[in-house]
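Below is the file entry_2.csv, which contains CSV, C-alpha atoms.
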chain,number,residue,atom,x,y,z
T,1,MET,CA,10.3,-28.3,-2.1
T,2,ASP,CA,12.0,-25.9,-4.4
T,3,ASP,CA,10.5,-26.8,-7.7
T,4,ALA,CA,10.4,-23.3,-8.9
T,5,THR,CA,11.5,-24.0,-12.5
T,6,ASP,CA,12.5,-26.8,-14.7
T,7,ASP,CA,16.1,-25.6,-14.3
T,8,GLY,CA,16.1,-26.9,-10.8
T,9,PRO,CA,16.7,-25.0,-7.6
T,10,ASP,CA,20.4,-24.1,-8.1
T,11,GLN,CA,19.8,-22.6,-11.5
T,12,PHE,CA,16.8,-20.6,-10.3
T,13,ARG,CA,18.8,-19.3,-7.3
T,14,GLN,CA,21.5,-18.2,-9.7
T,15,ARG,CA,19.0,-16.4,-11.9
T,16,LEU,CA,17.7,-14.6,-8.8
T,17,LEU,CA,21.2,-13.6,-7.6
T,18,ALA,CA,21.9,-12.2,-11.1
T,19,LEU,CA,19.1,-9.7,-10.5
T,20,VAL,CA,20.9,-8.1,-7.5
T,21,GLY,CA,22.2,-4.6,-8.5
T,22,GLN,CA,19.9,-4.5,-11.6
T,23,PRO,CA,17.6,-1.6,-12.2
T,24,VAL,CA,13.9,-2.1,-11.6
T,25,GLY,CA,11.7,-0.8,-14.4
T,26,SER,CA,13.3,1.0,-17.3
T,27,HIS,CA,17.1,1.2,-17.3
T,28,SER,CA,17.1,5.0,-17.0
T,29,ALA,CA,15.5,6.9,-14.2
T,30,SER,CA,11.7,7.0,-14.0
T,31,VAL,CA,10.7,10.7,-14.5
T,32,ALA,CA,7.5,11.8,-12.9
T,33,PRO,CA,4.8,12.2,-15.5
T,34,ASP,CA,3.7,15.5,-13.9
T,35,PRO,CA,5.5,18.1,-11.9
T,36,VAL,CA,4.6,18.4,-8.2
T,37,ASN,CA,1.2,20.1,-8.3
T,38,GLN,CA,-1.6,21.4,-6.2
T,39,PRO,CA,-4.5,19.2,-7.6
T,40,MET,CA,-2.7,15.9,-6.8
T,41,ILE,CA,-1.7,17.2,-3.4
T,42,ARG,CA,-5.2,18.3,-2.6
T,43,HIS,CA,-6.5,14.9,-3.7
T,44,TRP,CA,-4.0,13.2,-1.4
T,45,ALA,CA,-4.8,15.4,1.5
T,46,ALA,CA,-8.5,14.8,1.1
T,47,ALA,CA,-8.0,11.0,0.8
T,48,PHE,CA,-6.1,10.9,4.1
T,49,GLU,CA,-8.0,13.8,5.7
T,50,ASP,CA,-4.7,15.4,6.4
T,51,HIS,CA,-5.4,19.0,7.1
T,52,ASN,CA,-1.8,20.2,7.5
T,53,PRO,CA,-2.1,23.7,6.0
T,54,VAL,CA,1.4,23.7,4.5
T,55,TYR,CA,0.0,21.4,1.8
T,56,THR,CA,-3.0,23.4,0.7
T,57,ASP,CA,-3.2,26.8,2.4
T,58,THR,CA,-1.1,29.3,0.3
T,59,SER,CA,-1.0,32.1,2.8
T,60,PHE,CA,-0.3,29.9,5.8
T,61,ALA,CA,2.4,28.0,3.9
T,62,ALA,CA,4.0,31.3,2.8
T,63,GLY,CA,4.5,32.2,6.5
T,64,SER,CA,5.8,28.8,7.5
T,65,ARG,CA,9.3,27.4,7.7
T,66,PHE,CA,8.8,26.2,4.1
T,67,GLY,CA,8.0,29.6,2.7
T,68,GLY,CA,5.3,28.2,0.4
T,69,ILE,CA,3.2,25.2,-0.4
T,70,VAL,CA,5.1,21.9,-0.1
T,71,ALA,CA,4.1,18.4,-1.1
T,72,PRO,CA,3.4,15.9,1.7
T,73,PRO,CA,6.8,14.3,2.3
T,74,LEU,CA,5.4,10.8,2.0
T,75,MET,CA,3.9,11.6,-1.4
T,76,LEU,CA,7.5,11.2,-2.7
T,77,GLN,CA,6.8,7.7,-4.0
T,78,THR,CA,3.5,8.8,-5.6
T,79,TRP,CA,5.0,11.3,-8.1
T,80,THR,CA,6.9,8.7,-10.0
T,81,MET,CA,4.3,5.9,-10.0
T,82,ALA,CA,3.6,4.8,-13.5
T,83,THR,CA,0.6,6.1,-15.3
T,84,PRO,CA,-1.5,2.9,-15.5
T,85,LYS,CA,-2.9,1.2,-18.5
T,86,ILE,CA,-6.2,0.1,-16.9
T,87,THR,CA,-7.1,-2.4,-19.6
T,88,GLY,CA,-5.6,-5.8,-18.8
T,89,ILE,CA,-4.2,-4.8,-15.4
T,90,ALA,CA,-5.6,-7.8,-13.7
T,91,GLU,CA,-4.3,-10.1,-16.4
T,92,ARG,CA,-0.9,-8.6,-15.9
T,93,GLY,CA,-0.9,-9.6,-12.2
T,94,GLY,CA,-1.6,-6.0,-11.2
T,95,SER,CA,1.3,-4.5,-13.0
T,96,PRO,CA,0.2,-1.0,-14.0
T,97,VAL,CA,2.1,-1.0,-17.3
T,98,GLU,CA,3.0,-3.6,-20.0
T,99,SER,CA,6.6,-4.5,-19.4
T,100,GLU,CA,9.0,-3.4,-22.0
T,101,GLY,CA,10.7,-6.6,-22.8
T,102,THR,CA,11.3,-8.7,-19.7
T,103,GLY,CA,11.7,-6.7,-16.5
T,104,PRO,CA,13.8,-8.3,-13.8
T,105,LEU,CA,10.8,-9.4,-11.7
T,106,SER,CA,9.5,-11.5,-14.6
T,107,VAL,CA,11.8,-14.2,-13.4
T,108,PHE,CA,9.4,-14.6,-10.5
T,109,ASP,CA,6.2,-14.4,-12.5
T,110,GLU,CA,7.5,-17.1,-14.9
T,111,ALA,CA,8.1,-19.4,-12.0
T,112,GLY,CA,4.6,-18.9,-10.6
T,113,PHE,CA,5.5,-16.3,-8.0
T,114,VAL,CA,2.8,-14.0,-9.4
T,115,GLY,CA,1.6,-12.5,-6.1
T,116,THR,CA,3.0,-9.3,-4.8
T,117,LEU,CA,2.7,-7.9,-1.3
T,118,ALA,CA,4.6,-5.0,0.2
T,119,SER,CA,6.2,-5.6,3.6
T,120,ASN,CA,8.6,-2.7,4.5
T,121,SER,CA,9.0,0.9,3.5
T,122,GLU,CA,11.8,3.1,4.8
T,123,PHE,CA,12.1,6.8,3.8
T,124,GLU,CA,14.8,9.4,4.4
T,125,ILE,CA,13.5,12.8,3.4
T,126,GLU,CA,16.3,15.3,2.5
T,127,ARG,CA,13.8,18.2,1.8
T,128,TYR,CA,10.2,18.8,1.0
T,129,LEU,CA,9.2,19.3,-2.6
T,130,ARG,CA,7.8,22.6,-4.0
T,131,LEU,CA,5.1,23.1,-6.6
T,132,GLY,CA,6.5,22.8,-10.1
T,133,GLU,CA,9.4,20.5,-9.3
T,134,VAL,CA,9.9,17.3,-11.4
T,135,VAL,CA,11.1,14.3,-9.5
T,136,SER,CA,13.0,11.3,-11.0
T,137,ALA,CA,13.5,7.9,-9.3
T,138,SER,CA,16.3,5.4,-9.9
T,139,THR,CA,15.7,2.0,-8.4
T,140,VAL,CA,18.0,-1.0,-8.1
T,141,ILE,CA,17.4,-4.4,-6.6
T,142,GLU,CA,19.4,-4.5,-3.4
T,143,SER,CA,18.8,-8.1,-2.2
T,144,ILE,CA,16.7,-11.2,-2.6
T,145,SER,CA,16.0,-13.6,0.3
T,146,ASP,CA,16.1,-17.3,0.2
T,147,GLU,CA,12.7,-19.0,-0.4
T,148,LYS,CA,10.4,-18.6,2.6
T,149,GLN,CA,7.2,-20.3,3.6
T,150,THR,CA,4.7,-17.6,4.3
T,151,ARG,CA,1.0,-17.6,5.2
T,152,LEU,CA,0.3,-16.6,1.6
T,153,GLY,CA,2.4,-19.4,0.1
T,154,PRO,CA,6.1,-19.9,-0.7
T,155,GLY,CA,7.9,-16.7,-1.8
T,156,TYR,CA,10.9,-14.4,-1.8
T,157,PHE,CA,11.5,-11.1,-0.2
T,158,VAL,CA,12.9,-8.6,-2.7
T,159,THR,CA,14.4,-5.3,-1.5
T,160,TRP,CA,14.7,-2.3,-3.7
T,161,ALA,CA,16.6,0.9,-3.1
T,162,THR,CA,15.3,4.0,-4.7
T,163,THR,CA,17.0,7.4,-5.0
T,164,TYR,CA,14.7,10.4,-5.7
T,165,VAL,CA,16.3,13.5,-7.3
T,166,ASP,CA,15.1,16.9,-8.4
T,167,ASP,CA,15.5,18.6,-11.8
T,168,ALA,CA,19.1,19.5,-11.0
T,169,GLY,CA,20.0,16.0,-9.9
T,170,GLY,CA,20.0,16.9,-6.2
T,171,VAL,CA,18.9,14.1,-3.9
T,172,VAL,CA,15.5,14.9,-2.3
T,173,GLY,CA,14.9,11.5,-0.6
T,174,ARG,CA,15.8,7.9,-0.5
T,175,GLN,CA,13.6,4.8,0.0
T,176,ARG,CA,14.1,1.2,0.7
T,177,PHE,CA,11.1,-0.9,-0.2
T,178,ARG,CA,10.6,-4.6,0.4
T,179,ILE,CA,8.0,-6.8,-1.3
T,180,LEU,CA,7.1,-10.4,-1.1
T,181,LYS,CA,6.8,-12.2,-4.4
T,182,PHE,CA,4.7,-15.3,-3.6
T,183,ARG,CA,3.0,-18.2,-5.3
T,184,PRO,CA,-0.7,-18.1,-4.5
T,185,PRO,CA,-2.5,-21.4,-3.7
T,186,GLY,CA,-3.4,-23.2,-6.9
T,187,VAL,CA,-0.9,-21.5,-9.1
T,188,PRO,CA,1.4,-24.1,-10.7
T,189,ALA,CA,5.1,-23.7,-10.4
Y,1,MET,CA,-9.6,25.9,2.3
Y,2,THR,CA,-8.6,27.5,5.6
Y,3,THR,CA,-8.3,26.0,9.0
Y,4,ALA,CA,-10.5,27.1,11.9
Y,5,SER,CA,-7.4,28.3,13.8
Y,6,SER,CA,-3.7,28.3,13.0
Y,7,PRO,CA,-2.4,25.0,14.2
Y,8,VAL,CA,0.5,25.2,16.6
Y,9,THR,CA,3.9,23.6,16.1
Y,10,LEU,CA,5.5,22.0,19.0
Y,11,GLY,CA,8.9,23.4,20.1
Y,12,TRP,CA,11.7,20.9,20.6
Y,13,GLY,CA,12.0,22.0,24.2
Y,14,ASP,CA,8.3,21.2,24.9
Y,15,VAL,CA,8.7,17.5,24.0
Y,16,GLU,CA,10.0,15.0,26.5
Y,17,VAL,CA,11.1,11.4,26.1
Y,18,GLY,CA,8.2,9.2,27.1
Y,19,ASP,CA,5.5,11.6,25.8
Y,20,THR,CA,2.7,9.8,24.1
Y,21,LEU,CA,1.2,11.1,20.9
Y,22,PRO,CA,-2.6,11.6,20.6
Y,23,ALA,CA,-4.1,8.4,19.1
Y,24,LEU,CA,-5.3,8.6,15.5
Y,25,VAL,CA,-8.3,6.3,14.9
Y,26,ILE,CA,-9.4,5.5,11.3
Y,27,ASP,CA,-12.7,3.8,10.7
Y,28,VAL,CA,-11.7,1.8,7.7
Y,29,THR,CA,-14.3,1.4,4.9
Y,30,ALA,CA,-13.8,0.3,1.3
Y,31,THR,CA,-14.0,4.0,0.4
Y,32,VAL,CA,-11.1,4.7,2.7
Y,33,ILE,CA,-9.0,2.0,1.1
Y,34,VAL,CA,-9.9,2.9,-2.5
Y,35,ALA,CA,-9.5,6.6,-1.9
Y,36,GLY,CA,-6.0,6.1,-0.4
Y,37,ALA,CA,-4.9,3.7,-3.2
Y,38,ILE,CA,-5.9,6.0,-6.0
Y,39,ALA,CA,-4.6,9.2,-4.3
Y,40,THR,CA,-1.2,7.5,-4.1
Y,41,ARG,CA,-1.5,6.3,-7.7
Y,42,ASP,CA,-1.4,2.7,-6.7
Y,43,PHE,CA,-3.7,0.8,-9.1
Y,44,MET,CA,-2.9,-2.7,-8.0
Y,45,PRO,CA,-6.3,-4.5,-8.1
Y,46,VAL,CA,-6.0,-6.0,-4.6
Y,47,HIS,CA,-6.6,-2.4,-3.3
Y,48,HIS,CA,-9.9,-1.8,-5.2
Y,49,ASP,CA,-11.3,-5.1,-6.7
Y,50,ARG,CA,-12.6,-7.6,-4.2
Y,51,ALA,CA,-12.9,-10.5,-6.7
Y,52,TYR,CA,-9.3,-10.0,-7.6
Y,53,ALA,CA,-8.3,-9.9,-3.9
Y,54,ASN,CA,-10.2,-13.1,-3.3
Y,55,ALA,CA,-8.4,-14.8,-6.2
Y,56,GLN,CA,-5.1,-13.9,-4.4
Y,57,GLY,CA,-6.3,-15.5,-1.3
Y,58,ALA,CA,-7.4,-12.4,0.6
Y,59,PRO,CA,-11.0,-12.2,2.0
Y,60,ASP,CA,-11.4,-8.6,0.8
Y,61,ILE,CA,-9.5,-5.6,-0.6
Y,62,PHE,CA,-6.8,-4.3,1.7
Y,63,MET,CA,-5.0,-1.1,2.4
Y,64,ASN,CA,-1.9,-0.3,0.4
Y,65,ILE,CA,1.5,0.5,1.9
Y,66,LEU,CA,1.5,4.0,0.5
Y,67,SER,CA,-1.6,4.8,2.5
Y,68,ASP,CA,0.1,3.4,5.6
Y,69,THR,CA,3.1,5.8,5.2
Y,70,ALA,CA,0.6,8.6,4.4
Y,71,TYR,CA,-1.4,8.0,7.7
Y,72,CYS,CA,1.9,7.8,9.6
Y,73,SER,CA,2.9,11.2,8.4
Y,74,ARG,CA,-0.5,12.6,9.2
Y,75,PHE,CA,-0.4,11.0,12.7
Y,76,LEU,CA,3.0,12.6,13.3
Y,77,THR,CA,2.2,16.1,12.1
Y,78,ASP,CA,-1.3,16.2,13.6
Y,79,TRP,CA,0.7,16.0,16.9
Y,80,ALA,CA,3.8,18.0,16.1
Y,81,GLY,CA,2.2,20.7,13.9
Y,82,PRO,CA,2.8,22.1,10.5
Y,83,GLY,CA,6.2,23.5,11.3
Y,84,ALA,CA,7.5,20.0,11.9
Y,85,MET,CA,9.4,18.2,9.2
Y,86,VAL,CA,9.3,14.4,8.8
Y,87,ARG,CA,12.9,13.4,8.2
Y,88,LYS,CA,12.7,9.6,8.4
Y,89,LEU,CA,10.0,7.0,8.5
Y,90,ALA,CA,10.6,3.3,8.5
Y,91,ILE,CA,7.6,0.9,8.8
Y,92,ARG,CA,7.0,-2.8,8.7
Y,93,LEU,CA,3.7,-4.3,7.8
Y,94,GLY,CA,2.1,-7.1,9.8
Y,95,VAL,CA,-1.6,-8.1,9.6
Y,96,PRO,CA,-3.6,-6.6,6.7
Y,97,VAL,CA,-6.3,-3.9,7.0
Y,98,PHE,CA,-9.7,-4.8,5.5
Y,99,PRO,CA,-13.0,-2.8,5.2
Y,100,GLY,CA,-15.0,-2.8,8.4
Y,101,SER,CA,-12.0,-2.6,10.8
Y,102,THR,CA,-10.8,0.2,13.0
Y,103,LEU,CA,-7.1,1.2,12.7
Y,104,THR,CA,-5.6,3.0,15.7
Y,105,TYR,CA,-2.2,4.7,15.5
Y,106,THR,CA,-0.3,5.2,18.8
Y,107,GLY,CA,3.2,6.5,19.4
Y,108,THR,CA,5.8,7.4,22.0
Y,109,VAL,CA,8.8,9.8,22.0
Y,110,LYS,CA,11.9,7.6,22.4
Y,111,GLY,CA,14.7,10.1,21.9
Y,112,LYS,CA,15.8,13.8,21.5
Y,113,SER,CA,18.9,15.3,20.0
Y,114,ARG,CA,20.0,18.4,18.2
Y,115,VAL,CA,21.5,18.7,14.7
Y,116,GLY,CA,22.7,22.3,14.2
Y,117,GLU,CA,19.7,24.6,14.6
Y,118,GLU,CA,17.2,21.9,14.5
Y,119,GLY,CA,15.7,19.8,17.3
Y,120,ILE,CA,15.4,16.2,16.5
Y,121,VAL,CA,12.7,13.9,18.0
Y,122,GLU,CA,12.5,10.1,17.5
Y,123,VAL,CA,9.1,8.5,17.7
Y,124,GLU,CA,8.2,4.8,17.9
Y,125,LEU,CA,4.8,4.2,16.4
Y,126,GLN,CA,2.3,1.4,15.8
Y,127,ALA,CA,-1.1,1.0,14.1
Y,128,THR,CA,-3.2,-1.9,15.3
Y,129,ASN,CA,-6.6,-3.4,14.4
Y,130,ASP,CA,-8.6,-6.3,15.7
Y,131,LEU,CA,-6.2,-8.7,13.9
Y,132,GLY,CA,-3.1,-7.4,15.6
Y,133,ALA,CA,-0.3,-5.1,14.7
Y,134,HIS,CA,-0.6,-3.7,11.2
Y,135,VAL,CA,2.2,-1.2,11.2
Y,136,THR,CA,5.2,-1.0,13.5
Y,137,GLY,CA,7.8,1.6,12.9
Y,138,THR,CA,10.0,4.5,13.8
Y,139,ALA,CA,10.1,8.1,12.7
Y,140,VAL,CA,12.4,11.1,13.0
Y,141,LEU,CA,11.0,14.6,13.1
Y,142,GLY,CA,12.7,18.0,12.9
Y,143,LEU,CA,11.2,20.6,15.2
Y,144,PRO,CA,12.0,24.3,15.7
Y,145,GLY,CA,13.4,25.6,19.0

Taking this structure as input, can you express it in the form of structure tokens?
Amino acid sequence: MDDATDDGPDQFRQRLLALVGQPVGSHSASVAPDPVNQPMIRHWAAAFEDHNPVYTDTSFAAGSRFGGIVAPPLMLQTWTMATPKITGIAERGGSPVESEGTGPLSVFDEAGFVGTLASNSEFEIERYLRLGEVVSASTVIESISDEKQTRLGPGYFVTWATTYVDDAGGVVGRQRFRILKFRPPGVPA
Amino acid sequence: MTTASSPVTLGWGDVEVGDTLPALVIDVTATVIVAGAIATRDFMPVHHDRAYANAQGAPDIFMNILSDTAYCSRFLTDWAGPGAMVRKLAIRLGVPVFPGSTLTYTGTVKGKSRVGEEGIVEVELQATNDLGAHVTGTAVLGLPG
């Protein structure tokens, strides 16, 4: 059943266990390409038809508990998303950027687990972000499940823990994110 | 843009365990899914390219998880008001959301407590469509009063 690599199942499992505790993406923190800004907030609020005035109404926000415009709290993950290279994104399995060297998740892709599906997201919000703040995210792989049979094919649940900090290094939020890396039907091991 | 009238924030004392939140109903189209994916800067092709989604075994493009957490926060603050603060949100995804479906958010107040000056309210929430439960989760809000 577990024919994930030529190494055999035990060696593949060892390679996966070696990923736990490793950073995802670059080894340093991912810095948001742009500071928290009104155009991206307005775009977000329009997409979700969220008319909360503390996101877009300057005078209302000034009189609110926040004292000014704040970013939607669940935009936290959006600020540090990689700026995508559109050309070739499908060929890269949906990865927005070309990996620098071999990222930790390439172990899965090389073994045919090229599909990615999010399954859980948990946020703790310490405070809301203000316009002009620059967010950084540090993400480590927290755990990797045993191989599971899912409706999409065989796969592994990978859990990441991300800490988001402001310019001064203060924690603004934390996230635990779980994805399924799966082998779609027809993809060889 | 301005709102028609200043929206009201619920006071902690006005909320009771067992209260239900007003349902949020989203008529999901391809536009809804693509707009949400791009506004959250999620360019995974399964959220905008049907042919790519088909190749991954899905019948159509489907909603991304950053849109789910976005709709959860809208659902919570549409009810609690702009002076509420979302302090925690934890969701688990079940069935996918495809264009042409209707997604309905519902929720119930499960707990109340106080932390210093702030009133804390715990909410259990779900989003369901014709395939079943899409989102199940919990949230913690901070309310004045």

Subject >> Nearest to Ala29 of chain T by atom-to-atom distance, counting all atoms listed in the file, from T:Thr87, T:Ile144, T:Gly115, T:Thr80 >> reply: T:Thr80

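The gap separating atom CA of Val140 of chain Y from atom CA of Glu16 of chain Y is 14.3 Å, in Å to one decimal.
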
Original post:
What residues have an atom no more than 8 Å from (14.7, 25.3, 22.0) in the file's own frame, counting only C-alpha atoms, and can you write them as a PyMOL selection string?
Top reply: chain Y and resi 11-13+119+144-145

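Neighbouring residues of segment 151-154 of chain T at 8 Å or closer, counting all atoms listed in the file and skipping chain neighbours under 6 positions away, are Phe182, Arg183, Pro184 and Pro185 of chain T; Gly57 of chain Y.
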
**OP:** Give as JSON, numbers by chain every residue of chain T that touches chain Y within 9 Å, counting all atoms listed in the file.
**Re:** {"T": [40, 41, 43, 44, 45, 46, 47, 48, 49, 50, 51, 52, 53, 54, 56, 57, 60, 61, 64, 65, 66, 72, 73, 74, 75, 77, 78, 79, 81, 82, 83, 84, 86, 89, 90, 93, 94, 95, 96, 115, 118, 119, 120, 121, 122, 123, 124, 125, 126, 127, 128, 152, 176, 184, 185]}

Prev. selection, C-alpha atoms, output as a compact mmCIF listing (two decimals), in the frame of the given file:
# COMPACT_ATOMS: atom_id res chain seq x y z
CA MET T 40 -2.70 15.90 -6.80
CA ILE T 41 -1.70 17.20 -3.40
CA HIS T 43 -6.50 14.90 -3.70
CA TRP T 44 -4.00 13.20 -1.40
CA ALA T 45 -4.80 15.40 1.50
CA ALA T 46 -8.50 14.80 1.10
CA ALA T 47 -8.00 11.00 0.80
CA PHE T 48 -6.10 10.90 4.10
CA GLU T 49 -8.00 13.80 5.70
CA ASP T 50 -4.70 15.40 6.40
CA HIS T 51 -5.40 19.00 7.10
CA ASN T 52 -1.80 20.20 7.50
CA PRO T 53 -2.10 23.70 6.00
CA VAL T 54 1.40 23.70 4.50
CA THR T 56 -3.00 23.40 0.70
CA ASP T 57 -3.20 26.80 2.40
CA PHE T 60 -0.30 29.90 5.80
CA ALA T 61 2.40 28.00 3.90
CA SER T 64 5.80 28.80 7.50
CA ARG T 65 9.30 27.40 7.70
CA PHE T 66 8.80 26.20 4.10
CA PRO T 72 3.40 15.90 1.70
CA PRO T 73 6.80 14.30 2.30
CA LEU T 74 5.40 10.80 2.00
CA MET T 75 3.90 11.60 -1.40
CA GLN T 77 6.80 7.70 -4.00
CA THR T 78 3.50 8.80 -5.60
CA TRP T 79 5.00 11.30 -8.10
CA MET T 81 4.30 5.90 -10.00
CA ALA T 82 3.60 4.80 -13.50
CA THR T 83 0.60 6.10 -15.30
CA PRO T 84 -1.50 2.90 -15.50
CA ILE T 86 -6.20 0.10 -16.90
CA ILE T 89 -4.20 -4.80 -15.40
CA ALA T 90 -5.60 -7.80 -13.70
CA GLY T 93 -0.90 -9.60 -12.20
CA GLY T 94 -1.60 -6.00 -11.20
CA SER T 95 1.30 -4.50 -13.00
CA PRO T 96 0.20 -1.00 -14.00
CA GLY T 115 1.60 -12.50 -6.10
CA ALA T 118 4.60 -5.00 0.20
CA SER T 119 6.20 -5.60 3.60
CA ASN T 120 8.60 -2.70 4.50
CA SER T 121 9.00 0.90 3.50
CA GLU T 122 11.80 3.10 4.80
CA PHE T 123 12.10 6.80 3.80
CA GLU T 124 14.80 9.40 4.40
CA ILE T 125 13.50 12.80 3.40
CA GLU T 126 16.30 15.30 2.50
CA ARG T 127 13.80 18.20 1.80
CA TYR T 128 10.20 18.80 1.00
CA LEU T 152 0.30 -16.60 1.60
CA ARG T 176 14.10 1.20 0.70
CA PRO T 184 -0.70 -18.10 -4.50
CA PRO T 185 -2.50 -21.40 -3.70

Original post:
At what distance in Å, to one decimal, does atom CA of Ser138 of chain T lie from atom CA of Gln14 of chain T?
Top reply: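 So the two atoms, atom CA of Gln14 of chain T and atom CA of Ser138 of chain T, lie 24.2 Å apart.
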
Subject >> Distance criterion (only C-alpha atoms): nearest to Pro22 of chain Y out of Y:Thr108, Y:Thr9, Y:Asn54, Y:Ser101 >> reply: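 Closest to Pro22 of chain Y of all the choices is Y:Thr108.
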
Subject >> Polymer residues at most 6 Å from Arg50 of chain Y, all atoms listed in the file, same-chain spacing of 2 or more positions, as JSON, numbers by chain >> reply: {"Y": [52, 53, 60, 61]}

Subject >> Interatomic distance (Å, one decimal) between atom CA of Gly142 of chain Y and atom CA of Gly63 of chain T >> reply: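 One can read the atom CA of Gly142 of chain Y to atom CA of Gly63 of chain T distance as 17.6 Å.
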
Original post:
Can you tell me, as a VMD selection string, what residues are no more than 10 Å from Val107 of chain T when counting only C-alpha atoms, ignoring any on the same chain fewer than 6 positions away?
Top reply: chain T and resid 5 12 15 to 16 19 113 to 114

**OP:** Choose the residue, out of T:Ser106, T:Val140, T:Val31, T:Lys148, that has the smallest atom-to-atom separation from Gly169 of chain T; count only C-alpha atoms.
**Re:** T:Val31
